[in-house]
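Notes follow the structure.
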Amino acid sequence: MLVRWLLPVLCALSAEADFFHFDRISNVSSYYFNYIYCNIWEGDCQPNQDDAAQQVPSRDPWAGFPQDYISLLNQWYCSLGQCCESGDCRMTNNISGLARDLQTKLHGQHLAQSVVLKAIQGFINNPESNKPLTLSFHGWSGTGKNFVARVIADNLYRDGMKSECVRLFIAPFHFPHARLVDTYKGQLREAIRDMVLRCPQTLFIFDEAEKLHPGLIDAIKPYMDHYDNVDGVSYRRAIFLFLSNIGGATINDVALDFWHSGQNREDIGMEDLEHRLRAETMESHGGFAQSELMSGHLIDFFVPFLPLEYRHVKLCARDAYTARGLETDEATLDEVAKAMLYVPKEERLFSAQGCKSIPQRINFFLP
């Protein structure tokens with residue numbers, strides 16, 4: 001019965017030139033057949049096939065429909081499959097899991113743990129938010145910015161970073177040429193719009209955000225603003241994460257001042273850093289600072305990631321051994337930690353590499 005109903009609809013849609021280019025009909029049909037077959041009829045899908053590998057056509061076939069109709073269709077679609085508390089089985093919104101992972105897997109980042117959890121929890125619990133959630137992560141490389149972005153994806157979405165509701169953009173990789181910024185603008189706007197239409201809650205991650213062209217950020221600025229909708233599409237249930245090295249030196253200076261004065265790093269508060277991060281970001285070079293995202297005050301939280309100390313590096317090494325199912329001891333963890341570079345060098349205070357290279361480092365200490 002379902003097939004009898006769907007076939008006329010698909011035929012009618014495919015007859016409209018505004019919806020499809022003929023050279024994309026096969027791509028559209030294949031994607032949506034696989035999606036329905038795997039998710040509604042629970043067919044035997046390929047074991048390692050993930051949503052990210054099934055690319056939806058760049059031209060959205062539902063672009064001509066009002067969003068209210070799309071929402072009704074989405075509700076009907078989910079009603080045919082497994083019932084989920086989120087209303088969409090792709091989303092898990094596991095806040096307790098997020099809190100646990102931030103507490104047990106993220107080391108030396110009490111500010112990030114607190115701010116990220118409160119921001120995400122507040123956003124999830126407020127379906128009537130008047131704008132998307134926009135967070136800006138700042139700090140040295142290896143301090144946990146990418147790790148936290150992955151933890152957020154893992155706890156909000158069933159398939160984590162592989163979810164079709166999550167998209168990662170790496171500035172120098174996806175947008176390498178300044179002369180093509182106009183082309184990138186159209187591609188980025190279309191990618192964000194299409195994903196928002198497909199998913200009731202989306203996550204967009206921009207790594208190395210300081211290298212984004214200002215025009216590129218301004219092109220998507222309306223999607224992060226206080227608008228009910230943009231061209232008939234609401235972006236209020238989107239989360240935008242910007243990851244940047246901007247402010248790393250400022251964060252380190254504050255941490256060093258606390259250390260010299262004999263205060264605990266856990267005593268560092270957001271009041272010690274947030275206004276300084278905002279000011280440095282505004283004054284820095286690069287597209288991120290020059291964009292309307294900053295002048296329009298659309299970033300909800302500037303999240304500082306503190307430099308990691310020797311003890312935190314040891315915890316990262318312990319986690320790396322555990323992830324491989326290997327046992328270790330304090331002496332080995334000390335050896336791994338000592339092999340890292342620290343600043344100031346003579347005091348071996350802050351790791352210059354954070355935890356980023358730990359998984360590779362431990363290879364040198366395996367028997």
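We label chains A, B, ... in the order they appear in the structure tokens, count residues from 1 in each chain, and number ligands from 1 in the order shown.
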
Please identify every residue of range 132-246 of chain A that has at least one atom no farther than 10 Å from an atom of range 300-317 of chain A, counting only C-alpha atoms, and for each give the shortest atom pair and the distance in Å to one decimal, arranged by chain then increasing number, as CSV.
residue,atom,partner,partner_atom,distance
A:Pro132,CA,A:Asp300,CA,9.2
A:Leu133,CA,A:Asp300,CA,6.7
A:Thr134,CA,A:Asp300,CA,5.4
A:Leu135,CA,A:Phe301,CA,5.1
A:Ser136,CA,A:Phe302,CA,4.9
A:Phe137,CA,A:Val303,CA,4.8
A:His138,CA,A:Pro304,CA,5.0
A:Gly139,CA,A:Phe305,CA,4.9
A:Trp140,CA,A:Pro307,CA,6.8
A:Ser141,CA,A:Pro307,CA,9.2
A:Gly142,CA,A:Leu308,CA,8.7
A:Thr143,CA,A:Phe305,CA,6.1
A:Gly144,CA,A:Phe305,CA,7.1
A:Lys145,CA,A:Phe305,CA,7.2
A:Phe242,CA,A:Phe302,CA,9.6
A:Leu243,CA,A:Val303,CA,9.6
A:Asn245,CA,A:Phe305,CA,9.7

Sorted by chain and rising residue number, list the residues of range 209-318 of chain A at most 10 Å from range 117-130 of chain A (counting only C-alpha atoms), each with its closest atom pair and distance in Å to one decimal, as a tab-separated table.
residue	atom	partner	partner_atom	distance
A:Asp225	CA	A:Asn130	CA	8.8
A:His226	CA	A:Asn130	CA	5.9
A:Tyr227	CA	A:Asn130	CA	7.5
A:Asp228	CA	A:Asn130	CA	7.5
A:Tyr235	CA	A:Asn130	CA	9.7
A:Arg236	CA	A:Asn130	CA	6.5
A:Arg237	CA	A:Pro127	CA	7.5
A:Ala238	CA	A:Phe123	CA	9.7
A:Ile239	CA	A:Ile120	CA	8.8
A:Asp300	CA	A:Ala119	CA	8.6
A:Phe301	CA	A:Ala119	CA	8.1

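Picture a line from CA of Thr202 in chain A to CA of Gly296 in chain A; it runs 22.1 Å.
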
Considering only strand (DSSP E) as DSSP defines it on the backbone, what residues of range 154-185 of chain A qualify? List them as JSON, numbers by chain.
{"A": [166, 167, 168, 169, 170]}

My list of candidates is A:Leu241, A:Ile362, A:Leu212, A:Leu72. Which is closest to Val181 in chain A when distances are computed with only C-alpha atoms?
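Checking each candidate against Val181 in chain A, we get A:Leu212 as the closest.
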
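All residues of protein, DNA or RNA that reach within 8 Å of range 183-186 of chain A, judged by only C-alpha atoms and not counting those fewer than 5 positions away in the chain, are Phe175, Gly215, Leu216, Ala219 and Ile220 of chain A.
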
Could you please take those selected residues and save N, CA and C atoms as a PDB file, in the first residue's frame?
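File produced: part-v5.pdb:
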ATOM      1  N   PHE A 175      37.970  25.405   1.738  1.00  0.00           N
ATOM      2  CA  PHE A 175      37.930  26.732   1.108  1.00  0.00           C
ATOM      3  C   PHE A 175      39.344  27.271   0.933  1.00  0.00           C
ATOM      4  N   GLY A 215      34.217  37.238   3.887  1.00  0.00           N
ATOM      5  CA  GLY A 215      33.019  37.185   3.054  1.00  0.00           C
ATOM      6  C   GLY A 215      32.294  35.865   3.161  1.00  0.00           C
ATOM      7  N   LEU A 216      33.048  34.812   3.430  1.00  0.00           N
ATOM      8  CA  LEU A 216      32.444  33.485   3.551  1.00  0.00           C
ATOM      9  C   LEU A 216      31.598  33.390   4.820  1.00  0.00           C
ATOM     10  N   ALA A 219      28.472  35.459   4.521  1.00  0.00           N
ATOM     11  CA  ALA A 219      27.459  34.850   3.657  1.00  0.00           C
ATOM     12  C   ALA A 219      26.489  33.981   4.445  1.00  0.00           C
ATOM     13  N   ILE A 220      26.956  33.406   5.566  1.00  0.00           N
ATOM     14  CA  ILE A 220      26.083  32.548   6.365  1.00  0.00           C
ATOM     15  C   ILE A 220      25.673  33.222   7.670  1.00  0.00           C
TER      16      ILE A 220
END

For range 339-342 of chain A, please output as a list in words all residues within 6 Å (counting only C-alpha atoms; exclusion window: fewer than 4 positions along the same chain).
Arg348, Phe350, Ser351 and Ala352 of chain A

Any chance you can output those residues with N, CA and C atoms as a CSV table (one decimal), in the first residue's frame?
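Dumped to out-v4.csv:
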chain,number,residue,atom,x,y,z
A,348,ARG,N,59.0,23.3,32.7
A,348,ARG,CA,58.1,22.2,32.2
A,348,ARG,C,56.7,22.3,32.8
A,350,PHE,N,53.6,24.1,30.8
A,350,PHE,CA,52.5,23.8,29.9
A,350,PHE,C,53.0,23.0,28.7
A,351,SER,N,52.2,22.0,28.3
A,351,SER,CA,52.6,21.2,27.1
A,351,SER,C,52.4,22.1,25.9
A,352,ALA,N,53.4,22.2,25.1
A,352,ALA,CA,53.3,23.0,23.8
A,352,ALA,C,52.5,22.2,22.8

One-decimal distance in Å that lies between CA of Gly160 in chain A and CA of Lys356 in chain A
20.1 Å

Contact residues around Lys221 in chain A with only C-alpha atoms at 7 Å, ignoring same-chain residues under 4 positions, as a list of chain:residue names:
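Counting only C-alpha atoms, the residues come to A:Ile217, A:Asp225, A:Glu292, A:Leu293.
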